[in-house]
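For reference, input-v1.cif is printed below; it contains mmCIF, C-alpha atoms and all ligand atoms.
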data_final
loop_
_atom_site.label_atom_id
_atom_site.label_comp_id
_atom_site.auth_asym_id
_atom_site.auth_seq_id
_atom_site.Cartn_x
_atom_site.Cartn_y
_atom_site.Cartn_z
CA MET A 6 103.67 80.01 89.56
CA PRO A 7 100.03 80.16 90.62
CA GLU A 8 98.04 82.81 88.80
CA LEU A 9 94.37 83.66 89.18
CA PRO A 10 93.02 80.43 87.59
CA GLU A 11 95.22 78.27 89.84
CA VAL A 12 94.13 80.23 92.91
CA GLU A 13 90.46 79.99 91.91
CA LEU A 14 90.78 76.21 91.37
CA THR A 15 92.45 75.91 94.77
CA ARG A 16 89.55 77.89 96.26
CA ARG A 17 86.94 75.62 94.66
CA ARG A 18 88.73 72.47 95.77
CA LEU A 19 89.20 73.63 99.36
CA GLU A 20 85.62 74.90 99.51
CA ARG A 21 84.52 71.30 98.98
CA GLU A 22 87.12 69.90 101.35
CA VAL A 23 87.33 72.13 104.44
CA VAL A 24 84.17 74.25 104.79
CA GLY A 25 82.20 73.28 107.89
CA LYS A 26 85.20 71.73 109.62
CA ARG A 27 86.07 72.72 113.17
CA ILE A 28 89.68 73.66 113.85
CA GLU A 29 91.30 71.83 116.75
CA VAL A 30 95.03 72.55 116.69
CA VAL A 31 97.21 74.89 114.63
CA LYS A 32 100.93 74.38 114.21
CA VAL A 33 103.09 77.21 112.81
CA ARG A 34 106.40 75.56 111.82
CA THR A 35 108.13 78.49 110.15
CA PRO A 36 108.20 81.96 111.69
CA LYS A 37 108.55 83.85 108.45
CA LEU A 38 107.71 83.45 104.77
CA ARG A 39 107.47 86.64 102.72
CA LEU A 40 106.02 88.14 105.91
CA PRO A 41 106.07 86.66 109.44
CA ILE A 42 103.38 84.00 110.01
CA PRO A 43 101.49 85.27 113.06
CA GLY A 44 102.16 82.95 115.98
CA GLU A 45 98.78 83.98 117.39
CA LEU A 46 97.16 81.64 114.84
CA GLU A 47 97.92 78.80 117.27
CA THR A 48 95.70 80.40 119.92
CA VAL A 49 93.02 82.28 117.94
CA LEU A 50 92.02 79.55 115.45
CA PRO A 51 91.31 76.47 117.61
CA GLY A 52 87.58 76.14 118.35
CA ARG A 53 86.53 78.06 115.24
CA THR A 54 84.78 76.58 112.21
CA MET A 55 85.82 77.31 108.62
CA ARG A 56 82.70 78.90 107.18
CA SER A 57 83.73 79.70 103.61
CA VAL A 58 86.68 79.98 101.26
CA GLY A 59 86.73 83.20 99.24
CA ARG A 60 89.20 84.84 96.90
CA ARG A 61 90.31 88.41 96.21
CA GLY A 62 92.84 88.67 93.41
CA LYS A 63 95.37 85.95 94.22
CA TYR A 64 94.59 85.92 97.96
CA LEU A 65 92.56 83.07 99.46
CA LEU A 66 90.26 84.13 102.29
CA PHE A 67 89.24 81.53 104.87
CA ASP A 68 86.35 82.87 106.91
CA CYS A 69 86.89 81.43 110.38
CA GLU A 70 84.06 83.12 112.35
CA ALA A 71 84.86 86.69 113.36
CA GLY A 72 88.17 86.62 111.61
CA SER A 73 89.85 85.44 108.44
CA LEU A 74 92.96 83.50 107.58
CA ILE A 75 94.39 85.10 104.42
CA ILE A 76 96.84 83.08 102.30
CA HIS A 77 98.79 84.03 99.17
CA LEU A 78 100.53 81.11 97.44
CA GLY A 79 103.49 83.20 96.27
CA MET A 80 105.64 81.43 93.67
CA THR A 81 105.49 77.82 94.81
CA GLY A 82 102.85 77.57 97.54
CA PHE A 83 100.40 74.64 97.69
CA LEU A 84 97.48 74.10 100.02
CA ARG A 85 96.40 70.52 100.54
CA HIS A 86 93.69 68.91 102.56
CA LEU A 87 94.98 65.59 103.87
CA PRO A 88 92.41 63.15 105.32
CA ASP A 89 95.24 61.10 106.87
CA PRO A 90 98.05 63.47 107.82
CA LEU A 91 101.54 62.45 106.82
CA LEU A 92 104.47 63.67 108.88
CA PRO A 93 105.41 67.23 107.89
CA GLY A 94 108.34 67.75 105.55
CA LYS A 95 110.91 70.51 105.39
CA HIS A 96 108.71 72.84 103.33
CA ASP A 97 105.46 72.33 105.27
CA HIS A 98 105.16 75.64 107.12
CA LEU A 99 101.63 75.60 108.54
CA ASP A 100 99.27 72.82 109.63
CA VAL A 101 95.63 73.37 110.57
CA PHE A 102 94.27 70.20 112.20
CA PHE A 103 90.50 69.68 112.16
CA ALA A 104 88.34 67.90 114.75
CA ASP A 105 87.72 65.02 112.27
CA GLY A 106 91.46 64.19 112.19
CA SER A 107 92.12 65.71 108.77
CA LEU A 108 94.53 68.51 108.08
CA LEU A 109 95.01 71.62 105.91
CA ARG A 110 98.72 71.96 105.11
CA PHE A 111 100.61 74.87 103.52
CA HIS A 112 103.67 73.74 101.59
CA ASP A 113 105.98 76.32 99.98
CA PRO A 114 109.57 75.43 98.98
CA ARG A 115 110.56 78.96 97.95
CA LYS A 116 108.82 80.71 100.84
CA PHE A 117 107.39 83.62 98.86
CA GLY A 118 103.90 82.86 100.16
CA THR A 119 102.03 84.90 102.74
CA VAL A 120 99.91 83.80 105.70
CA ILE A 121 98.17 86.51 107.73
CA TRP A 122 95.26 86.80 110.12
CA THR A 123 92.72 89.58 110.41
CA SER A 124 89.84 89.98 112.80
CA GLY A 125 88.41 92.70 110.55
CA SER A 126 87.05 92.62 107.02
CA PRO A 127 89.67 91.06 104.70
CA ALA A 128 88.80 93.60 101.97
CA GLU A 129 90.04 96.37 104.26
CA HIS A 130 93.34 94.72 105.14
CA PRO A 131 96.22 96.92 103.87
CA LEU A 132 97.50 94.12 101.60
CA LEU A 133 94.12 93.83 99.88
CA SER A 134 92.47 97.25 100.07
CA GLY A 135 94.27 98.65 97.01
CA ILE A 136 93.44 95.76 94.67
CA GLY A 137 91.48 96.75 91.55
CA PRO A 138 88.31 95.14 90.18
CA GLU A 139 88.04 91.37 89.73
CA PRO A 140 88.47 90.52 86.02
CA LEU A 141 85.67 87.96 86.09
CA THR A 142 83.05 90.41 87.37
CA SER A 143 80.97 92.87 85.34
CA VAL A 144 82.76 95.85 86.96
CA PHE A 145 85.73 95.06 84.74
CA ASP A 146 84.90 95.87 81.14
CA GLY A 147 86.11 97.86 78.14
CA SER A 148 84.84 101.21 79.37
CA TYR A 149 86.60 100.73 82.72
CA LEU A 150 89.85 99.86 80.93
CA PHE A 151 89.47 102.84 78.60
CA ARG A 152 88.87 105.21 81.54
CA VAL A 153 91.88 104.07 83.63
CA SER A 154 94.28 104.00 80.68
CA ARG A 155 93.75 107.60 79.45
CA SER A 156 96.55 109.25 81.42
CA ARG A 157 98.95 106.27 81.42
CA ARG A 158 101.77 106.02 78.91
CA VAL A 159 103.04 102.78 80.46
CA ALA A 160 103.05 99.68 78.21
CA VAL A 161 99.56 98.17 78.10
CA LYS A 162 100.93 94.82 79.29
CA LEU A 163 102.26 96.45 82.46
CA LEU A 164 98.96 98.25 82.98
CA ILE A 165 96.95 95.01 82.98
CA MET A 166 99.54 93.32 85.23
CA ASN A 167 99.19 96.13 87.79
CA ALA A 168 96.97 94.70 90.54
CA ALA A 169 95.65 98.17 91.37
CA MET A 170 94.16 98.33 87.84
CA VAL A 171 92.77 94.79 87.68
CA ALA A 172 93.16 91.94 90.16
CA GLY A 173 95.29 88.89 89.54
CA VAL A 174 96.36 89.11 85.86
CA GLY A 175 99.92 87.75 85.87
CA ASN A 176 102.49 87.30 83.13
CA ILE A 177 101.05 84.19 81.44
CA TYR A 178 97.54 85.54 81.00
CA ALA A 179 98.66 89.07 80.12
CA ASN A 180 100.69 87.63 77.19
CA GLU A 181 97.81 85.40 76.08
CA ALA A 182 95.08 88.06 76.38
CA LEU A 183 97.06 90.60 74.33
CA PHE A 184 97.64 88.01 71.59
CA ARG A 185 93.96 87.19 71.49
CA ALA A 186 93.03 90.88 71.41
CA ALA A 187 95.62 91.48 68.61
CA ILE A 188 97.29 94.29 70.60
CA ARG A 189 101.07 94.73 70.85
CA PRO A 190 102.14 94.43 74.52
CA ASP A 191 104.45 97.47 74.34
CA ARG A 192 101.79 99.91 73.11
CA PRO A 193 101.35 102.88 75.47
CA ALA A 194 98.14 102.16 77.42
CA SER A 195 96.82 105.63 76.59
CA SER A 196 96.93 104.86 72.84
CA LEU A 197 94.23 102.17 73.06
CA THR A 198 90.91 102.94 71.38
CA PRO A 199 87.56 102.14 73.03
CA ALA A 200 87.17 99.15 70.68
CA GLU A 201 90.62 97.82 71.62
CA CYS A 202 89.83 98.21 75.34
CA GLU A 203 86.60 96.28 74.77
CA ARG A 204 88.50 93.49 72.98
CA LEU A 205 91.20 93.37 75.63
CA ALA A 206 88.79 93.22 78.58
CA LEU A 207 86.90 90.41 76.85
CA SER A 208 90.13 88.52 76.04
CA ILE A 209 91.35 88.74 79.64
CA ARG A 210 88.06 87.31 80.83
CA GLU A 211 88.11 84.55 78.19
CA VAL A 212 91.67 83.34 78.78
CA LEU A 213 91.11 83.21 82.54
CA LEU A 214 87.78 81.37 82.25
CA GLU A 215 89.13 78.88 79.69
CA SER A 216 92.11 78.16 81.90
CA ILE A 217 89.83 77.53 84.89
CA GLU A 218 87.62 75.23 82.78
CA GLN A 219 90.59 73.25 81.48
CA GLY A 220 91.85 72.70 84.98
CA SER A 221 94.48 75.37 84.44
CA THR A 222 98.15 74.62 84.87
CA TYR A 223 97.32 73.22 88.28
CA ARG A 224 96.92 69.51 88.69
CA VAL A 225 96.14 67.67 91.86
CA ALA A 226 96.93 63.98 91.59
CA GLU A 227 96.83 61.37 94.31
CA ASP A 228 100.01 62.23 96.10
CA THR A 229 101.50 64.95 94.04
CA VAL A 230 100.34 68.50 93.60
CA ALA A 231 102.15 70.42 90.92
CA TYR A 232 101.89 73.04 88.24
CA HIS A 233 102.14 71.56 84.77
CA PRO A 234 102.56 73.61 81.62
CA LEU A 235 99.52 73.91 79.38
CA GLU A 236 99.73 74.76 75.72
CA PHE A 237 99.66 78.50 75.22
CA ASP A 238 99.55 80.60 72.05
CA VAL A 239 102.48 82.83 72.94
CA TYR A 240 103.60 82.43 76.57
CA GLY A 241 106.81 80.38 76.75
CA ARG A 242 106.95 80.10 72.92
CA GLY A 243 109.49 82.85 72.23
CA LYS A 244 111.17 81.00 69.38
CA GLY A 245 108.03 79.41 67.99
CA ALA A 246 105.65 80.14 65.15
CA CYS A 247 102.47 82.16 65.52
CA THR A 248 99.43 79.87 65.88
CA ARG A 249 97.40 82.32 63.77
CA CYS A 250 99.66 83.36 60.84
CA GLY A 251 102.61 80.97 61.09
CA GLY A 252 105.13 83.84 61.28
CA ALA A 253 107.93 84.08 63.82
CA LEU A 254 106.99 85.24 67.32
CA GLU A 255 109.12 87.94 68.93
CA GLU A 256 110.33 87.97 72.53
CA ILE A 257 111.09 91.19 74.44
CA ARG A 258 111.39 92.18 78.12
CA LEU A 259 108.79 94.45 79.66
CA GLY A 260 109.02 95.25 83.37
CA ASN A 261 111.75 92.59 83.40
CA ARG A 262 109.25 89.87 82.41
CA SER A 263 109.35 87.74 79.28
CA THR A 264 106.91 89.10 76.73
CA VAL A 265 106.08 87.17 73.57
CA PHE A 266 103.95 88.46 70.72
CA CYS A 267 103.38 88.20 66.99
CA PRO A 268 104.58 91.33 65.17
CA SER A 269 102.26 90.51 62.25
CA CYS A 270 99.03 89.80 64.17
CA GLN A 271 99.38 92.27 67.03
CA HIS A 272 99.31 96.02 66.38
ZN ZN B 301 100.75 86.02 63.76
#

Translate the structure of the given file into structure tokens.
Amino acid sequence: MPELPEVELTRRRLEREVVGKRIEVVKVRTPKLRLPIPGELETVLPGRTMRSVGRRGKYLLFDCEAGSLIIHLGMTGFLRHLPDPLLPGKHDHLDVFFADGSLLRFHDPRKFGTVIWTSGSPAEHPLLSGIGPEPLTSVFDGSYLFRVSRSRRVAVKLLIMNAAMVAGVGNIYANEALFRAAIRPDRPASSLTPAECERLALSIREVLLESIEQGSTYRVAEDTVAYHPLEFDVYGRGKGACTRCGGALEEIRLGNRSTVFCPSCQH
């Protein structure tokens, strides 16, 4: 499932591949994913040029001159730029054809993705306006985390996975950041000290940046685009040994998501 690093890598790749291209034809093949795909895309996009590819949380923002195409990859969404378009398959829901003959294609087998259009500022769109600070910006730091956690008794892992608190930290990176910060995921958020908040904010930033640098779990090969598992310290290693102390990791459910931690290293 694409998390923030995968979405950021997609953004960087598409920035190189589609910015400056003029849209000629748009084909909406599926009326509804998680939300309906606006049919108006077929009439409003042609003639416009893609000016930039931005990101807010896990949403990709394609600035198309006086309007933006906003795409969320959901669980299984892929965006590919194809210089020589192949015929669309069953799970290819949206095609944006450019004047140079190439194509931007949205592929999503499980259909949890989202494609919307706004003629206003994307930041003010109802789906995006409530998203908290970006974890890779200076606005997100230990003092911010300390401030927003004071009145919240919810488990700290659920606090950092709440997009209104911080943008785009999903299950993988929440597990990894808490391990690195040596904080138990089920601690009430309000019990964190300023020093722990500092450590946690730094760990979140580090695990996201390292994942982006390593190419993340997202690999784009010649013909295949897929998410491949990377090696993590705790995520997906519920029956394994701690990489720090060698002890047995513990697996619990928090917010119905798998949560793995080391009872010896994390307090
Ligand atoms: Zn340990």

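All residues of protein, DNA or RNA that reach within 6 Å of Tyr64 of chain A, judged by all atoms listed in the file and not counting those fewer than 3 positions away in the chain, are Arg60, Arg61, Ile76 and His77 of chain A.
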
Open item on the list: Between atom CA of Arg115 of chain A and atom CA of Pro93 of chain A, what is the distance in Å, rounded to a tenth?
Closed with: 16.2 Å

Residues within 10 Å of ligand ZN 301 (chain B), counting all atoms listed in the file, as a compact mmCIF listing (two decimals) with C-alpha atoms, in the frame of the given file:
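As written to disk, result-v2.txt reads:
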# COMPACT_ATOMS: atom_id res chain seq x y z
CA PHE A 184 97.64 88.01 71.59
CA ALA A 187 95.62 91.48 68.61
CA ASP A 238 99.55 80.60 72.05
CA VAL A 239 102.48 82.83 72.94
CA ALA A 246 105.65 80.14 65.15
CA CYS A 247 102.47 82.16 65.52
CA THR A 248 99.43 79.87 65.88
CA ARG A 249 97.40 82.32 63.77
CA CYS A 250 99.66 83.36 60.84
CA GLY A 251 102.61 80.97 61.09
CA GLY A 252 105.13 83.84 61.28
CA ALA A 253 107.93 84.08 63.82
CA LEU A 254 106.99 85.24 67.32
CA PHE A 266 103.95 88.46 70.72
CA CYS A 267 103.38 88.20 66.99
CA PRO A 268 104.58 91.33 65.17
CA SER A 269 102.26 90.51 62.25
CA CYS A 270 99.03 89.80 64.17
CA GLN A 271 99.38 92.27 67.03

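Ranking A:Val23, A:Leu259, A:Val265, A:Ile42 by their shortest atom-to-atom distance to Val58 of chain A, with only C-alpha atoms included, puts A:Val23 first.
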
TODO: Work out how far apart atom CA of Arg110 of chain A and atom CA of Glu215 of chain A are and give it in Å to one decimal.
DONE: 28.0 Å

Task: Using all atoms listed in the file: which of A:Tyr178, A:Tyr149, A:Phe117, A:Phe237 has the shortest distance to Ala206 of chain A - done: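 Among the listed residues, the smallest separation from Ala206 of chain A belongs to A:Tyr149.
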
Task: Gap from atom CA of Leu87 of chain A to atom CA of Ser107 of chain A - Å, one decimal - done: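 Computed distance, atom CA of Leu87 of chain A to atom CA of Ser107 of chain A, equals 5.7 Å.
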
- [ ] Find the residues near Ser73 of chain A: any atom within 9 Å, counting only C-alpha atoms, skip ones fewer than 5 places away on the same chain, and give them as a PyMOL selection string.
- [x] chain A and resi 66-68+121-127

Open item on the list: With distances taken over only C-alpha atoms, which residue among A:Glu20, A:Asp105, A:Glu203, A:Asp191 lies nearest Asp146 of chain A?
Closed with: A:Glu203

Task: Near-segment 10-17 of chain A list (10 Å; only C-alpha atoms; drop same-chain fewer than 4 positions) as number ranges by chain - done: A: 6, 21-22, 57-67, 77-78, 83-85, 173-174, 178, 212-225, 232

Any chance you could export the current selection's C-alpha atoms as a PDB file, in the frame of the given file?
ATOM      1  CA  MET A   6     103.670  80.010  89.560  1.00  0.00           C
ATOM      2  CA  ARG A  21      84.520  71.300  98.980  1.00  0.00           C
ATOM      3  CA  GLU A  22      87.120  69.900 101.350  1.00  0.00           C
ATOM      4  CA  SER A  57      83.730  79.700 103.610  1.00  0.00           C
ATOM      5  CA  VAL A  58      86.680  79.980 101.260  1.00  0.00           C
ATOM      6  CA  GLY A  59      86.730  83.200  99.240  1.00  0.00           C
ATOM      7  CA  ARG A  60      89.200  84.840  96.900  1.00  0.00           C
ATOM      8  CA  ARG A  61      90.310  88.410  96.210  1.00  0.00           C
ATOM      9  CA  GLY A  62      92.840  88.670  93.410  1.00  0.00           C
ATOM     10  CA  LYS A  63      95.370  85.950  94.220  1.00  0.00           C
ATOM     11  CA  TYR A  64      94.590  85.920  97.960  1.00  0.00           C
ATOM     12  CA  LEU A  65      92.560  83.070  99.460  1.00  0.00           C
ATOM     13  CA  LEU A  66      90.260  84.130 102.290  1.00  0.00           C
ATOM     14  CA  PHE A  67      89.240  81.530 104.870  1.00  0.00           C
ATOM     15  CA  HIS A  77      98.790  84.030  99.170  1.00  0.00           C
ATOM     16  CA  LEU A  78     100.530  81.110  97.440  1.00  0.00           C
ATOM     17  CA  PHE A  83     100.400  74.640  97.690  1.00  0.00           C
ATOM     18  CA  LEU A  84      97.480  74.100 100.020  1.00  0.00           C
ATOM     19  CA  ARG A  85      96.400  70.520 100.540  1.00  0.00           C
ATOM     20  CA  GLY A 173      95.290  88.890  89.540  1.00  0.00           C
ATOM     21  CA  VAL A 174      96.360  89.110  85.860  1.00  0.00           C
ATOM     22  CA  TYR A 178      97.540  85.540  81.000  1.00  0.00           C
ATOM     23  CA  VAL A 212      91.670  83.340  78.780  1.00  0.00           C
ATOM     24  CA  LEU A 213      91.110  83.210  82.540  1.00  0.00           C
ATOM     25  CA  LEU A 214      87.780  81.370  82.250  1.00  0.00           C
ATOM     26  CA  GLU A 215      89.130  78.880  79.690  1.00  0.00           C
ATOM     27  CA  SER A 216      92.110  78.160  81.900  1.00  0.00           C
ATOM     28  CA  ILE A 217      89.830  77.530  84.890  1.00  0.00           C
ATOM     29  CA  GLU A 218      87.620  75.230  82.780  1.00  0.00           C
ATOM     30  CA  GLN A 219      90.590  73.250  81.480  1.00  0.00           C
ATOM     31  CA  GLY A 220      91.850  72.700  84.980  1.00  0.00           C
ATOM     32  CA  SER A 221      94.480  75.370  84.440  1.00  0.00           C
ATOM     33  CA  THR A 222      98.150  74.620  84.870  1.00  0.00           C
ATOM     34  CA  TYR A 223      97.320  73.220  88.280  1.00  0.00           C
ATOM     35  CA  ARG A 224      96.920  69.510  88.690  1.00  0.00           C
ATOM     36  CA  VAL A 225      96.140  67.670  91.860  1.00  0.00           C
ATOM     37  CA  TYR A 232     101.890  73.040  88.240  1.00  0.00           C
TER      38      TYR A 232
END

- [ ] Measuring atom to atom with only C-alpha atoms, identify which of A:Pro51, A:Gly79, A:Pro7, A:Gly94 is nearest to Thr35 of chain A.
- [x] A:Gly94

TODO: Skip Met55 of chain A itself and residues of its chain fewer than 4 positions away, then list as a list in words all residues within 9 Å of it, counting all atoms listed in the file.
DONE: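 Contacts, in chain order: Val23, Val24, Gly25, Lys26, Arg27, Ile28, Phe67, Asp68, Cys69 and Glu70 of chain A.
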
TODO: Return the single residue from A:Thr81, A:Thr48, A:Ser148, A:Ser134 that is closest to Leu207 of chain A, with distances computed using all atoms listed in the file.
DONE: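 Nearest candidate to Leu207 of chain A out of A:Thr81, A:Thr48, A:Ser148, A:Ser134: A:Ser148.
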
Identify the residues around (108.4, 70.0, 101.1) within a radius of 8 Å, measuring from all atoms listed in the file in the coordinates stated by the file, and give them as a short mmCIF file (atom, residue, chain, number, x, y, z; two decimals) with C-alpha atoms, keeping the file's coordinate frame.
data_model
loop_
_atom_site.label_atom_id
_atom_site.label_comp_id
_atom_site.auth_asym_id
_atom_site.auth_seq_id
_atom_site.Cartn_x
_atom_site.Cartn_y
_atom_site.Cartn_z
CA PRO A 93 105.41 67.23 107.89
CA GLY A 94 108.34 67.75 105.55
CA LYS A 95 110.91 70.51 105.39
CA HIS A 96 108.71 72.84 103.33
CA ASP A 97 105.46 72.33 105.27
CA HIS A 112 103.67 73.74 101.59
CA ASP A 113 105.98 76.32 99.98
CA PRO A 114 109.57 75.43 98.98
#

TODO: Within 9 Å of Val33 of chain A, counting only C-alpha atoms, which residues show up once you throw out same-chain ones fewer than 3 positions away? Write them as JSON, numbers by chain, please.
DONE: {"A": [36, 42, 43, 44, 46, 47, 98, 99, 100, 101]}

Please, can segment 185-208 of chain A be completed to N, CA and C atoms and returned as a PDB file, in the frame of the given file?
ATOM      1  N   ARG A 185      95.339  87.416  71.914  1.00  0.00           N
ATOM      2  CA  ARG A 185      93.960  87.190  71.490  1.00  0.00           C
ATOM      3  C   ARG A 185      93.282  88.485  71.045  1.00  0.00           C
ATOM      4  N   ALA A 186      93.638  89.581  71.747  1.00  0.00           N
ATOM      5  CA  ALA A 186      93.030  90.880  71.410  1.00  0.00           C
ATOM      6  C   ALA A 186      93.757  91.559  70.253  1.00  0.00           C
ATOM      7  N   ALA A 187      94.840  90.943  69.741  1.00  0.00           N
ATOM      8  CA  ALA A 187      95.620  91.480  68.610  1.00  0.00           C
ATOM      9  C   ALA A 187      96.224  92.856  68.919  1.00  0.00           C
ATOM     10  N   ILE A 188      96.681  93.012  70.188  1.00  0.00           N
ATOM     11  CA  ILE A 188      97.290  94.290  70.600  1.00  0.00           C
ATOM     12  C   ILE A 188      98.745  94.040  70.999  1.00  0.00           C
ATOM     13  N   ARG A 189      99.646  94.853  70.479  1.00  0.00           N
ATOM     14  CA  ARG A 189     101.070  94.730  70.850  1.00  0.00           C
ATOM     15  C   ARG A 189     101.236  95.055  72.333  1.00  0.00           C
ATOM     16  N   PRO A 190     101.996  94.217  73.076  1.00  0.00           N
ATOM     17  CA  PRO A 190     102.140  94.430  74.520  1.00  0.00           C
ATOM     18  C   PRO A 190     102.858  95.718  74.906  1.00  0.00           C
ATOM     19  N   ASP A 191     103.669  96.267  73.984  1.00  0.00           N
ATOM     20  CA  ASP A 191     104.450  97.470  74.340  1.00  0.00           C
ATOM     21  C   ASP A 191     103.755  98.767  73.916  1.00  0.00           C
ATOM     22  N   ARG A 192     102.533  98.682  73.442  1.00  0.00           N
ATOM     23  CA  ARG A 192     101.790  99.910  73.110  1.00  0.00           C
ATOM     24  C   ARG A 192     101.562 100.732  74.372  1.00  0.00           C
ATOM     25  N   PRO A 193     101.719 102.085  74.302  1.00  0.00           N
ATOM     26  CA  PRO A 193     101.350 102.880  75.470  1.00  0.00           C
ATOM     27  C   PRO A 193      99.856 102.665  75.777  1.00  0.00           C
ATOM     28  N   ALA A 194      99.532 102.452  77.053  1.00  0.00           N
ATOM     29  CA  ALA A 194      98.140 102.160  77.420  1.00  0.00           C
ATOM     30  C   ALA A 194      97.203 103.253  76.926  1.00  0.00           C
ATOM     31  N   SER A 195      97.689 104.504  76.963  1.00  0.00           N
ATOM     32  CA  SER A 195      96.820 105.630  76.590  1.00  0.00           C
ATOM     33  C   SER A 195      96.501 105.673  75.097  1.00  0.00           C
ATOM     34  N   SER A 196      97.195 104.839  74.279  1.00  0.00           N
ATOM     35  CA  SER A 196      96.930 104.860  72.840  1.00  0.00           C
ATOM     36  C   SER A 196      95.794 103.911  72.453  1.00  0.00           C
ATOM     37  N   LEU A 197      95.280 103.137  73.399  1.00  0.00           N
ATOM     38  CA  LEU A 197      94.230 102.170  73.060  1.00  0.00           C
ATOM     39  C   LEU A 197      92.901 102.870  72.760  1.00  0.00           C
ATOM     40  N   THR A 198      92.233 102.394  71.732  1.00  0.00           N
ATOM     41  CA  THR A 198      90.910 102.940  71.380  1.00  0.00           C
ATOM     42  C   THR A 198      89.851 102.248  72.241  1.00  0.00           C
ATOM     43  N   PRO A 199      88.632 102.820  72.288  1.00  0.00           N
ATOM     44  CA  PRO A 199      87.560 102.140  73.030  1.00  0.00           C
ATOM     45  C   PRO A 199      87.340 100.711  72.530  1.00  0.00           C
ATOM     46  N   ALA A 200      87.401 100.497  71.220  1.00  0.00           N
ATOM     47  CA  ALA A 200      87.170  99.150  70.680  1.00  0.00           C
ATOM     48  C   ALA A 200      88.274  98.191  71.127  1.00  0.00           C
ATOM     49  N   GLU A 201      89.525  98.681  71.172  1.00  0.00           N
ATOM     50  CA  GLU A 201      90.620  97.820  71.620  1.00  0.00           C
ATOM     51  C   GLU A 201      90.478  97.487  73.110  1.00  0.00           C
ATOM     52  N   CYS A 202      90.043  98.459  73.902  1.00  0.00           N
ATOM     53  CA  CYS A 202      89.830  98.210  75.340  1.00  0.00           C
ATOM     54  C   CYS A 202      88.741  97.166  75.531  1.00  0.00           C
ATOM     55  N   GLU A 203      87.705  97.250  74.719  1.00  0.00           N
ATOM     56  CA  GLU A 203      86.600  96.280  74.770  1.00  0.00           C
ATOM     57  C   GLU A 203      87.130  94.882  74.481  1.00  0.00           C
ATOM     58  N   ARG A 204      87.935  94.771  73.395  1.00  0.00           N
ATOM     59  CA  ARG A 204      88.500  93.490  72.980  1.00  0.00           C
ATOM     60  C   ARG A 204      89.434  92.926  74.044  1.00  0.00           C
ATOM     61  N   LEU A 205      90.231  93.815  74.637  1.00  0.00           N
ATOM     62  CA  LEU A 205      91.200  93.370  75.630  1.00  0.00           C
ATOM     63  C   LEU A 205      90.506  92.886  76.913  1.00  0.00           C
ATOM     64  N   ALA A 206      89.503  93.626  77.375  1.00  0.00           N
ATOM     65  CA  ALA A 206      88.790  93.220  78.580  1.00  0.00           C
ATOM     66  C   ALA A 206      88.136  91.852  78.365  1.00  0.00           C
ATOM     67  N   LEU A 207      87.554  91.672  77.181  1.00  0.00           N
ATOM     68  CA  LEU A 207      86.900  90.410  76.850  1.00  0.00           C
ATOM     69  C   LEU A 207      87.933  89.272  76.780  1.00  0.00           C
ATOM     70  N   SER A 208      89.085  89.555  76.172  1.00  0.00           N
ATOM     71  CA  SER A 208      90.130  88.520  76.040  1.00  0.00           C
ATOM     72  C   SER A 208      90.677  88.109  77.398  1.00  0.00           C
TER      73      SER A 208
END
